[in-house]
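Shown next: final27.pdb, given as PDB, C-alpha atoms.
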ATOM      1  CA  MET S   1      98.368  75.835  92.721
ATOM      2  CA  VAL S   2      96.729  78.803  91.116
ATOM      3  CA  SER S   3      95.450  78.351  87.602
ATOM      4  CA  GLN S   4      97.006  80.018  84.611
ATOM      5  CA  GLY S   5      93.963  82.230  84.123
ATOM      6  CA  ILE S   6      94.182  83.730  87.604
ATOM      7  CA  GLN S   7      97.897  84.274  87.114
ATOM      8  CA  MET S   8      97.314  86.135  83.876
ATOM      9  CA  ILE S   9      94.623  88.271  85.528
ATOM     10  CA  GLY S  10      97.024  89.149  88.346
ATOM     11  CA  ILE S  11      99.788  90.108  85.931
ATOM     12  CA  ALA S  12      97.389  92.193  83.824
ATOM     13  CA  MET S  13      96.042  94.059  86.862
ATOM     14  CA  ALA S  14      99.544  94.736  88.150
ATOM     15  CA  VAL S  15     100.815  95.969  84.774
ATOM     16  CA  ILE S  16      97.818  98.302  84.382
ATOM     17  CA  GLY S  17      98.376  99.590  87.911
ATOM     18  CA  TRP S  18     102.069 100.152  87.204
ATOM     19  CA  PHE S  19     101.226 102.117  84.063
ATOM     20  CA  MET S  20      98.803 104.254  86.081
ATOM     21  CA  VAL S  21     101.577 105.011  88.577
ATOM     22  CA  VAL S  22     103.658 106.356  85.684
ATOM     23  CA  VAL S  23     100.703 108.562  84.702
ATOM     24  CA  VAL S  24     100.334 109.789  88.283
ATOM     25  CA  CYS S  25     104.014 110.677  88.395
ATOM     26  CA  ALA S  26     103.760 112.722  85.216
ATOM     27  CA  LEU S  27     100.436 114.494  85.815
ATOM     28  CA  PRO S  28     100.585 117.960  87.443
ATOM     29  CA  MET S  29      97.051 117.653  88.854
ATOM     30  CA  TRP S  30      97.827 116.718  92.448
ATOM     31  CA  LYS S  31      96.373 119.952  93.788
ATOM     32  CA  VAL S  32      93.699 121.999  92.039
ATOM     33  CA  THR S  33      92.511 125.506  92.850
ATOM     34  CA  ALA S  34      89.442 125.559  95.094
ATOM     35  CA  PHE S  35      86.811 128.177  94.277
ATOM     36  CA  VAL S  36      85.291 128.832  97.693
ATOM     37  CA  GLY S  37      83.854 131.834  99.488
ATOM     38  CA  ALA S  38      84.196 135.089  97.620
ATOM     39  CA  ASN S  39      86.739 133.640  95.223
ATOM     40  CA  ILE S  40      84.556 133.621  92.122
ATOM     41  CA  ILE S  41      87.272 134.354  89.600
ATOM     42  CA  THR S  42      87.258 131.255  87.439
ATOM     43  CA  ALA S  43      89.197 132.670  84.500
ATOM     44  CA  GLN S  44      92.188 130.548  85.434
ATOM     45  CA  THR S  45      92.811 127.332  87.285
ATOM     46  CA  ILE S  46      96.074 126.491  89.028
ATOM     47  CA  TRP S  47      97.387 122.932  89.088
ATOM     48  CA  GLN S  48     100.215 121.779  91.307
ATOM     49  CA  GLY S  49     102.118 118.539  90.768
ATOM     50  CA  MET S  50     105.334 116.918  91.847
ATOM     51  CA  TRP S  51     107.412 118.470  89.086
ATOM     52  CA  MET S  52     105.665 121.653  87.927
ATOM     53  CA  ASN S  53     102.921 124.217  88.376
ATOM     54  CA  CYS S  54     100.430 124.844  85.589
ATOM     55  CA  VAL S  55      98.000 127.694  84.986
ATOM     56  CA  VAL S  56      95.062 126.865  82.754
ATOM     57  CA  GLN S  57      93.173 129.783  81.232
ATOM     58  CA  SER S  58      89.456 129.690  80.472
ATOM     59  CA  THR S  59      90.371 129.951  76.786
ATOM     60  CA  GLY S  60      92.156 126.601  76.960
ATOM     61  CA  GLN S  61      95.712 127.924  77.026
ATOM     62  CA  MET S  62      98.020 126.329  79.562
ATOM     63  CA  GLN S  63     101.384 127.457  80.855
ATOM     64  CA  CYS S  64     103.573 125.268  83.022
ATOM     65  CA  LYS S  65     106.745 125.996  84.958
ATOM     66  CA  MET S  66     109.117 123.533  86.553
ATOM     67  CA  TYR S  67     109.974 124.011  90.202
ATOM     68  CA  ASP S  68     113.151 126.001  90.703
ATOM     69  CA  SER S  69     114.201 124.241  93.907
ATOM     70  CA  MET S  70     113.251 120.845  95.266
ATOM     71  CA  LEU S  71     113.921 121.949  98.840
ATOM     72  CA  ALA S  72     111.262 124.653  98.513
ATOM     73  CA  LEU S  73     108.557 122.023  98.006
ATOM     74  CA  PRO S  74     106.307 120.855 100.834
ATOM     75  CA  GLN S  75     107.329 117.707 102.639
ATOM     76  CA  ASP S  76     104.508 115.659 101.152
ATOM     77  CA  LEU S  77     105.581 116.432  97.578
ATOM     78  CA  GLN S  78     109.242 115.773  98.363
ATOM     79  CA  ALA S  79     108.357 112.367  99.773
ATOM     80  CA  ALA S  80     105.977 111.748  96.872
ATOM     81  CA  ARG S  81     108.778 112.226  94.376
ATOM     82  CA  ALA S  82     111.030 109.663  95.998
ATOM     83  CA  MET S  83     108.331 107.089  96.744
ATOM     84  CA  THR S  84     106.691 107.319  93.333
ATOM     85  CA  ILE S  85     109.973 106.845  91.490
ATOM     86  CA  ILE S  86     110.870 103.873  93.703
ATOM     87  CA  SER S  87     107.371 102.489  93.090
ATOM     88  CA  ILE S  88     107.871 102.691  89.337
ATOM     89  CA  LEU S  89     111.287 101.004  89.508
ATOM     90  CA  THR S  90     109.943  98.264  91.773
ATOM     91  CA  GLY S  91     107.095  97.720  89.323
ATOM     92  CA  VAL S  92     109.563  97.349  86.458
ATOM     93  CA  PHE S  93     111.399  94.567  88.309
ATOM     94  CA  GLY S  94     108.040  93.009  89.146
ATOM     95  CA  VAL S  95     107.004  92.933  85.485
ATOM     96  CA  VAL S  96     110.290  91.311  84.449
ATOM     97  CA  VAL S  97     110.101  88.664  87.160
ATOM     98  CA  ALA S  98     106.413  88.010  86.428
ATOM     99  CA  ILE S  99     107.155  87.425  82.755
ATOM    100  CA  ALA S 100     109.981  85.055  83.647
ATOM    101  CA  GLY S 101     107.750  83.136  86.051
ATOM    102  CA  GLY S 102     104.695  83.053  83.814
ATOM    103  CA  LYS S 103     103.250  79.677  82.927
ATOM    104  CA  CYS S 104     102.944  80.639  79.273
ATOM    105  CA  THR S 105     106.655  81.522  78.954
ATOM    106  CA  LYS S 106     109.686  79.284  78.549
ATOM    107  CA  CYS S 107     112.192  81.346  80.514
ATOM    108  CA  MET S 108     112.247  78.715  83.234
ATOM    109  CA  GLU S 109     111.693  75.005  82.892
ATOM    110  CA  ASP S 110     111.315  74.051  86.530
ATOM    111  CA  GLU S 111     107.768  74.538  87.801
ATOM    112  CA  ARG S 112     108.938  75.224  91.335
ATOM    113  CA  SER S 113     111.275  77.973  90.122
ATOM    114  CA  LYS S 114     108.437  79.493  88.096
ATOM    115  CA  ALA S 115     106.159  79.487  91.118
ATOM    116  CA  LYS S 116     108.802  81.115  93.313
ATOM    117  CA  ALA S 117     109.465  83.782  90.654
ATOM    118  CA  CYS S 118     105.738  84.456  90.442
ATOM    119  CA  ILE S 119     105.511  84.871  94.210
ATOM    120  CA  LEU S 120     108.503  87.244  94.146
ATOM    121  CA  ALA S 121     106.798  89.282  91.432
ATOM    122  CA  GLY S 122     103.672  89.471  93.573
ATOM    123  CA  VAL S 123     105.662  90.761  96.528
ATOM    124  CA  LEU S 124     107.310  93.397  94.329
ATOM    125  CA  PHE S 125     103.931  94.538  93.026
ATOM    126  CA  ILE S 126     102.557  94.788  96.568
ATOM    127  CA  VAL S 127     105.553  96.892  97.613
ATOM    128  CA  SER S 128     105.051  99.071  94.531
ATOM    129  CA  GLY S 129     101.392  99.549  95.419
ATOM    130  CA  LEU S 130     102.220 100.559  98.984
ATOM    131  CA  LEU S 131     104.858 103.012  97.771
ATOM    132  CA  CYS S 132     102.189 104.592  95.576
ATOM    133  CA  LEU S 133      99.460 104.546  98.220
ATOM    134  CA  ILE S 134     101.494 106.260 100.935
ATOM    135  CA  PRO S 135     102.384 109.530  99.112
ATOM    136  CA  VAL S 136      98.953 109.828  97.511
ATOM    137  CA  SER S 137      97.180 109.445 100.858
ATOM    138  CA  TRP S 138      99.698 111.744 102.548
ATOM    139  CA  SER S 139      99.124 114.494  99.980
ATOM    140  CA  ALA S 140      95.366 114.067 100.199
ATOM    141  CA  ASN S 141      95.484 114.358 103.993
ATOM    142  CA  THR S 142      97.576 117.529 103.733
ATOM    143  CA  ILE S 143      95.197 119.076 101.203
ATOM    144  CA  VAL S 144      92.107 118.312 103.284
ATOM    145  CA  ARG S 145      93.740 119.527 106.503
ATOM    146  CA  ASN S 146      94.810 122.820 104.883
ATOM    147  CA  PHE S 147      91.384 123.244 103.280
ATOM    148  CA  TYR S 148      89.649 123.247 106.665
ATOM    149  CA  ASN S 149      92.386 125.228 108.398
ATOM    150  CA  PRO S 150      90.869 128.587 109.399
ATOM    151  CA  MET S 151      94.307 130.205 109.346
ATOM    152  CA  MET S 152      94.676 129.581 105.604
ATOM    153  CA  ILE S 153      93.408 132.249 103.254
ATOM    154  CA  GLU S 154      90.985 131.211 100.530
ATOM    155  CA  ALA S 155      93.547 131.710  97.761
ATOM    156  CA  GLN S 156      95.809 129.106  99.395
ATOM    157  CA  ARG S 157      93.174 126.398  99.602
ATOM    158  CA  TYR S 158      93.270 123.557  97.116
ATOM    159  CA  GLU S 159      91.160 120.526  96.325
ATOM    160  CA  LEU S 160      92.087 116.967  95.467
ATOM    161  CA  GLY S 161      93.329 116.633  91.913
ATOM    162  CA  ALA S 162      92.649 113.879  89.423
ATOM    163  CA  ALA S 163      96.138 112.426  89.913
ATOM    164  CA  LEU S 164      95.308 111.428  93.482
ATOM    165  CA  TYR S 165      92.254 109.433  92.419
ATOM    166  CA  ILE S 166      94.285 107.724  89.710
ATOM    167  CA  GLY S 167      96.949 106.959  92.311
ATOM    168  CA  TRP S 168      94.431 105.259  94.587
ATOM    169  CA  ALA S 169      93.150 103.166  91.710
ATOM    170  CA  ALA S 170      96.717 102.259  90.698
ATOM    171  CA  ALA S 171      97.590 101.207  94.253
ATOM    172  CA  ALA S 172      94.460  99.044  94.452
ATOM    173  CA  LEU S 173      95.284  97.287  91.176
ATOM    174  CA  LEU S 174      98.876  96.673  92.218
ATOM    175  CA  LEU S 175      97.861  95.278  95.595
ATOM    176  CA  MET S 176      95.187  93.001  94.165
ATOM    177  CA  GLY S 177      97.385  91.845  91.295
ATOM    178  CA  GLY S 178     100.274  91.164  93.645
ATOM    179  CA  ALA S 179      98.002  89.224  95.993
ATOM    180  CA  LEU S 180      96.816  87.016  93.143
ATOM    181  CA  LEU S 181     100.398  86.299  92.111
ATOM    182  CA  CYS S 182     101.404  85.470  95.679
ATOM    183  CA  TRP S 183      98.670  82.849  95.726
ATOM    184  CA  ASN S 184     100.914  80.541  93.746
ATOM    185  CA  CYS S 185     102.325  77.792  95.917
ATOM    186  CA  PRO S 186     105.257  75.822  94.474
ATOM    187  CA  PRO S 187     104.276  72.307  93.430
ATOM    188  CA  LYS S 188     105.363  69.526  95.704
ATOM    189  CA  HIS S 189     107.427  66.926  93.896
ATOM    190  CA  GLU S 190     107.947  64.817  96.940
ATOM    191  CA  HIS S 191     105.805  61.715  96.797
ATOM    192  CA  PRO S 192     104.085  60.738 100.002
ATOM    193  CA  HIS S 193     105.838  57.975 101.840
ATOM    194  CA  TYR S 194     103.586  55.151 102.883
ATOM    195  CA  VAL S 195     104.729  53.162 105.890
ATOM    196  CA  PRO S 196     104.066  49.515 105.170
ATOM    197  CA  LYS S 197     102.154  47.708 107.808
ATOM    198  CA  PHE S 198     103.053  44.085 108.425
ATOM    199  CA  ARG S 199     100.662  41.769 110.022
ATOM    200  CA  PRO S 200     101.735  38.488 111.636
ATOM    201  CA  VAL S 201     101.001  35.461 109.509
ATOM    202  CA  LYS S 202      98.401  33.304 111.008
ATOM    203  CA  SER S 203      98.955  29.608 110.729
ATOM    204  CA  THR S 204      96.102  27.673 109.266
ATOM    205  CA  SER S 205      97.479  24.328 110.402
ATOM    206  CA  THR S 206      95.452  22.685 113.160
ATOM    207  CA  SER S 207      97.792  19.830 113.679
ATOM    208  CA  ARG S 208     100.029  19.824 116.708
ATOM    209  CA  GLU S 209     103.346  18.176 117.119
ATOM    210  CA  TYR S 210     103.699  16.019 120.173
ATOM    211  CA  VAL S 211     106.948  15.040 121.619
TER     212      VAL S 211
END

Would you mind writing the structure in this file as structure tokens?
Amino acid sequence: MVSQGIQMIGIAMAVIGWFMVVVVCALPMWKVTAFVGANIITAQTIWQGMWMNCVVQSTGQMQCKMYDSMLALPQDLQAARAMTIISILTGVFGVVVAIAGGKCTKCMEDERSKAKACILAGVLFIVSGLLCLIPVSWSANTIVRNFYNPMMIEAQRYELGAALYIGWAAAALLLMGGALLCWNCPPKHEHPHYVPKFRPVKSTSTSREYV
């Protein structure tokens, strides 16, 4: 059975990863303007996220606009919206179950029930990490593929934004934290059954009865 310290480390890593997923969902820096070729105008930088576009001026001013239509978004961002929200909700359930199954809490008295709740929380955190990893990697692949596409003009090329790197770190924390929580086998209350071995009693008498 895993020790309480490892369990607390797993819960802490998973909670930090879940919080980072929330940050990734809110940040508009999924795609950032790439200054390549003759595009030397750096007076403004364009950020693209799941929910809005932002234009950052060199003076520090920033203007953001929400997307008018969800159907007008690329497929990677549409999938990222759904998967990221599901990842956050799955992480919320994972946090609740992890708290209930924690060794330092009194929500459950039975040790086997606590261990099973902890394993369930680990599975939820792993699912949350995968749901975060898939859209982040998908968006990164799309950005890199479009960047090296010779048919794309330089103004349409973007680079990886900070939100993608945060998403990878969040997915790693969720996966590692969930794995630590899954390493929590329920205690076995069954006592081992010992089969008694009987040996024949040897007679120590040397006398014989004659008829």

Length of the atom CA of S:Tyr148 to atom CA of S:Asp76 vector [Å]
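A separation of 17.6 Å between them.
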
Rank S:Met29, S:Ala79, S:Ala163, S:Cys182 by their smallest atom-to-atom distance to S:Phe125, using only C-alpha atoms, and report the top residue only.
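Closest residue, counting only C-alpha atoms: S:Cys182.
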
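Point (101.9, 117.7, 88.3) has the following residues at most 7 Å away: Ala26, Leu27, Pro28, Met29, Trp30, Trp47, Gln48, Gly49, Met50, Trp51, Met52 and Asn53 of chain S (atoms considered: all atoms listed in the file).
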
Restrict the selected residues to C-alpha atoms and save them as a PDB file, in the coordinates of the input.
ATOM      1  CA  ALA S  26     103.760 112.722  85.216  1.00  0.00           C
ATOM      2  CA  LEU S  27     100.436 114.494  85.815  1.00  0.00           C
ATOM      3  CA  PRO S  28     100.585 117.960  87.443  1.00  0.00           C
ATOM      4  CA  MET S  29      97.051 117.653  88.854  1.00  0.00           C
ATOM      5  CA  TRP S  30      97.827 116.718  92.448  1.00  0.00           C
ATOM      6  CA  TRP S  47      97.387 122.932  89.088  1.00  0.00           C
ATOM      7  CA  GLN S  48     100.215 121.779  91.307  1.00  0.00           C
ATOM      8  CA  GLY S  49     102.118 118.539  90.768  1.00  0.00           C
ATOM      9  CA  MET S  50     105.334 116.918  91.847  1.00  0.00           C
ATOM     10  CA  TRP S  51     107.412 118.470  89.086  1.00  0.00           C
ATOM     11  CA  MET S  52     105.665 121.653  87.927  1.00  0.00           C
ATOM     12  CA  ASN S  53     102.921 124.217  88.376  1.00  0.00           C
TER      13      ASN S  53
END

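Closest approach to S:Phe19 from the set S:Leu124, S:Leu131, S:Leu73, S:Ile166 is made by S:Ile166, with distances taken over all atoms listed in the file.
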
In Å, rounded to a single decimal, give me how far atom CA of S:Cys104 is from atom CA of S:Leu175.
22.5 Å

Any idea what the distance is between atom CA of S:Thr142 and atom CA of S:Thr33?
14.4 Å

If I only have part of stretch 39-70 of chain S, can you fill in N, CA and C atoms and write it as a PDB file, in the frame of the given file?
ATOM      1  N   ASN S  39      85.830 133.865  96.344  1.00  0.00           N
ATOM      2  CA  ASN S  39      86.739 133.640  95.223  1.00  0.00           C
ATOM      3  C   ASN S  39      85.946 133.089  94.041  1.00  0.00           C
ATOM      4  N   ILE S  40      85.398 134.009  93.251  1.00  0.00           N
ATOM      5  CA  ILE S  40      84.556 133.621  92.122  1.00  0.00           C
ATOM      6  C   ILE S  40      85.255 133.842  90.790  1.00  0.00           C
ATOM      7  N   ILE S  41      86.524 134.142  90.833  1.00  0.00           N
ATOM      8  CA  ILE S  41      87.272 134.354  89.600  1.00  0.00           C
ATOM      9  C   ILE S  41      87.670 132.993  89.053  1.00  0.00           C
ATOM     10  N   THR S  42      87.003 132.576  88.025  1.00  0.00           N
ATOM     11  CA  THR S  42      87.258 131.255  87.439  1.00  0.00           C
ATOM     12  C   THR S  42      87.936 131.362  86.079  1.00  0.00           C
ATOM     13  N   ALA S  43      88.559 132.505  85.802  1.00  0.00           N
ATOM     14  CA  ALA S  43      89.197 132.670  84.500  1.00  0.00           C
ATOM     15  C   ALA S  43      90.435 131.785  84.365  1.00  0.00           C
ATOM     16  N   GLN S  44      91.007 131.397  85.483  1.00  0.00           N
ATOM     17  CA  GLN S  44      92.188 130.548  85.434  1.00  0.00           C
ATOM     18  C   GLN S  44      92.155 129.546  86.583  1.00  0.00           C
ATOM     19  N   THR S  45      92.735 128.406  86.303  1.00  0.00           N
ATOM     20  CA  THR S  45      92.811 127.332  87.285  1.00  0.00           C
ATOM     21  C   THR S  45      94.277 126.963  87.465  1.00  0.00           C
ATOM     22  N   ILE S  46      94.680 126.801  88.705  1.00  0.00           N
ATOM     23  CA  ILE S  46      96.074 126.491  89.028  1.00  0.00           C
ATOM     24  C   ILE S  46      96.167 125.017  89.407  1.00  0.00           C
ATOM     25  N   TRP S  47      97.090 124.328  88.776  1.00  0.00           N
ATOM     26  CA  TRP S  47      97.387 122.932  89.088  1.00  0.00           C
ATOM     27  C   TRP S  47      98.774 122.865  89.713  1.00  0.00           C
ATOM     28  N   GLN S  48      98.914 122.025  90.697  1.00  0.00           N
ATOM     29  CA  GLN S  48     100.215 121.779  91.307  1.00  0.00           C
ATOM     30  C   GLN S  48     100.503 120.288  91.287  1.00  0.00           C
ATOM     31  N   GLY S  49     101.697 119.929  90.813  1.00  0.00           N
ATOM     32  CA  GLY S  49     102.118 118.539  90.768  1.00  0.00           C
ATOM     33  C   GLY S  49     103.454 118.353  91.447  1.00  0.00           C
ATOM     34  N   MET S  50     104.037 117.197  91.232  1.00  0.00           N
ATOM     35  CA  MET S  50     105.334 116.918  91.847  1.00  0.00           C
ATOM     36  C   MET S  50     106.475 117.629  91.145  1.00  0.00           C
ATOM     37  N   TRP S  51     106.299 117.947  89.872  1.00  0.00           N
ATOM     38  CA  TRP S  51     107.412 118.470  89.086  1.00  0.00           C
ATOM     39  C   TRP S  51     107.188 119.893  88.591  1.00  0.00           C
ATOM     40  N   MET S  52     105.934 120.346  88.538  1.00  0.00           N
ATOM     41  CA  MET S  52     105.665 121.653  87.927  1.00  0.00           C
ATOM     42  C   MET S  52     104.348 122.220  88.425  1.00  0.00           C
ATOM     43  N   ASN S  53     104.185 123.515  88.193  1.00  0.00           N
ATOM     44  CA  ASN S  53     102.921 124.217  88.376  1.00  0.00           C
ATOM     45  C   ASN S  53     102.370 124.590  87.012  1.00  0.00           C
ATOM     46  N   CYS S  54     101.063 124.504  86.853  1.00  0.00           N
ATOM     47  CA  CYS S  54     100.430 124.844  85.589  1.00  0.00           C
ATOM     48  C   CYS S  54      99.266 125.794  85.844  1.00  0.00           C
ATOM     49  N   VAL S  55      99.119 126.754  84.948  1.00  0.00           N
ATOM     50  CA  VAL S  55      98.000 127.694  84.986  1.00  0.00           C
ATOM     51  C   VAL S  55      97.194 127.488  83.713  1.00  0.00           C
ATOM     52  N   VAL S  56      95.943 127.138  83.880  1.00  0.00           N
ATOM     53  CA  VAL S  56      95.062 126.865  82.754  1.00  0.00           C
ATOM     54  C   VAL S  56      94.074 128.019  82.625  1.00  0.00           C
ATOM     55  N   GLN S  57      94.089 128.676  81.483  1.00  0.00           N
ATOM     56  CA  GLN S  57      93.173 129.783  81.232  1.00  0.00           C
ATOM     57  C   GLN S  57      91.815 129.244  80.783  1.00  0.00           C
ATOM     58  N   SER S  58      90.795 130.086  80.911  1.00  0.00           N
ATOM     59  CA  SER S  58      89.456 129.690  80.472  1.00  0.00           C
ATOM     60  C   SER S  58      89.389 129.524  78.959  1.00  0.00           C
ATOM     61  N   THR S  59      90.339 130.094  78.239  1.00  0.00           N
ATOM     62  CA  THR S  59      90.371 129.951  76.786  1.00  0.00           C
ATOM     63  C   THR S  59      90.993 128.636  76.338  1.00  0.00           C
ATOM     64  N   GLY S  60      91.534 127.881  77.283  1.00  0.00           N
ATOM     65  CA  GLY S  60      92.156 126.601  76.960  1.00  0.00           C
ATOM     66  C   GLY S  60      93.668 126.643  76.938  1.00  0.00           C
ATOM     67  N   GLN S  61      94.261 127.813  77.019  1.00  0.00           N
ATOM     68  CA  GLN S  61      95.712 127.924  77.026  1.00  0.00           C
ATOM     69  C   GLN S  61      96.261 127.483  78.385  1.00  0.00           C
ATOM     70  N   MET S  62      97.405 126.842  78.344  1.00  0.00           N
ATOM     71  CA  MET S  62      98.020 126.329  79.562  1.00  0.00           C
ATOM     72  C   MET S  62      99.502 126.658  79.554  1.00  0.00           C
ATOM     73  N   GLN S  63      99.974 127.152  80.667  1.00  0.00           N
ATOM     74  CA  GLN S  63     101.384 127.457  80.855  1.00  0.00           C
ATOM     75  C   GLN S  63     101.886 126.712  82.084  1.00  0.00           C
ATOM     76  N   CYS S  64     103.003 126.057  81.934  1.00  0.00           N
ATOM     77  CA  CYS S  64     103.573 125.268  83.022  1.00  0.00           C
ATOM     78  C   CYS S  64     104.992 125.731  83.305  1.00  0.00           C
ATOM     79  N   LYS S  65     105.399 125.618  84.539  1.00  0.00           N
ATOM     80  CA  LYS S  65     106.745 125.996  84.958  1.00  0.00           C
ATOM     81  C   LYS S  65     107.260 124.954  85.923  1.00  0.00           C
ATOM     82  N   MET S  66     108.488 124.495  85.664  1.00  0.00           N
ATOM     83  CA  MET S  66     109.117 123.533  86.553  1.00  0.00           C
ATOM     84  C   MET S  66     109.519 124.218  87.857  1.00  0.00           C
ATOM     85  N   TYR S  67     109.556 123.450  88.923  1.00  0.00           N
ATOM     86  CA  TYR S  67     109.974 124.011  90.202  1.00  0.00           C
ATOM     87  C   TYR S  67     111.449 124.372  90.155  1.00  0.00           C
ATOM     88  N   ASP S  68     111.768 125.541  90.716  1.00  0.00           N
ATOM     89  CA  ASP S  68     113.151 126.001  90.703  1.00  0.00           C
ATOM     90  C   ASP S  68     114.009 125.261  91.722  1.00  0.00           C
ATOM     91  N   SER S  69     113.443 124.910  92.848  1.00  0.00           N
ATOM     92  CA  SER S  69     114.201 124.241  93.907  1.00  0.00           C
ATOM     93  C   SER S  69     113.356 123.116  94.488  1.00  0.00           C
ATOM     94  N   MET S  70     113.971 121.965  94.660  1.00  0.00           N
ATOM     95  CA  MET S  70     113.251 120.845  95.266  1.00  0.00           C
ATOM     96  C   MET S  70     113.064 121.050  96.760  1.00  0.00           C
TER      97      MET S  70
END
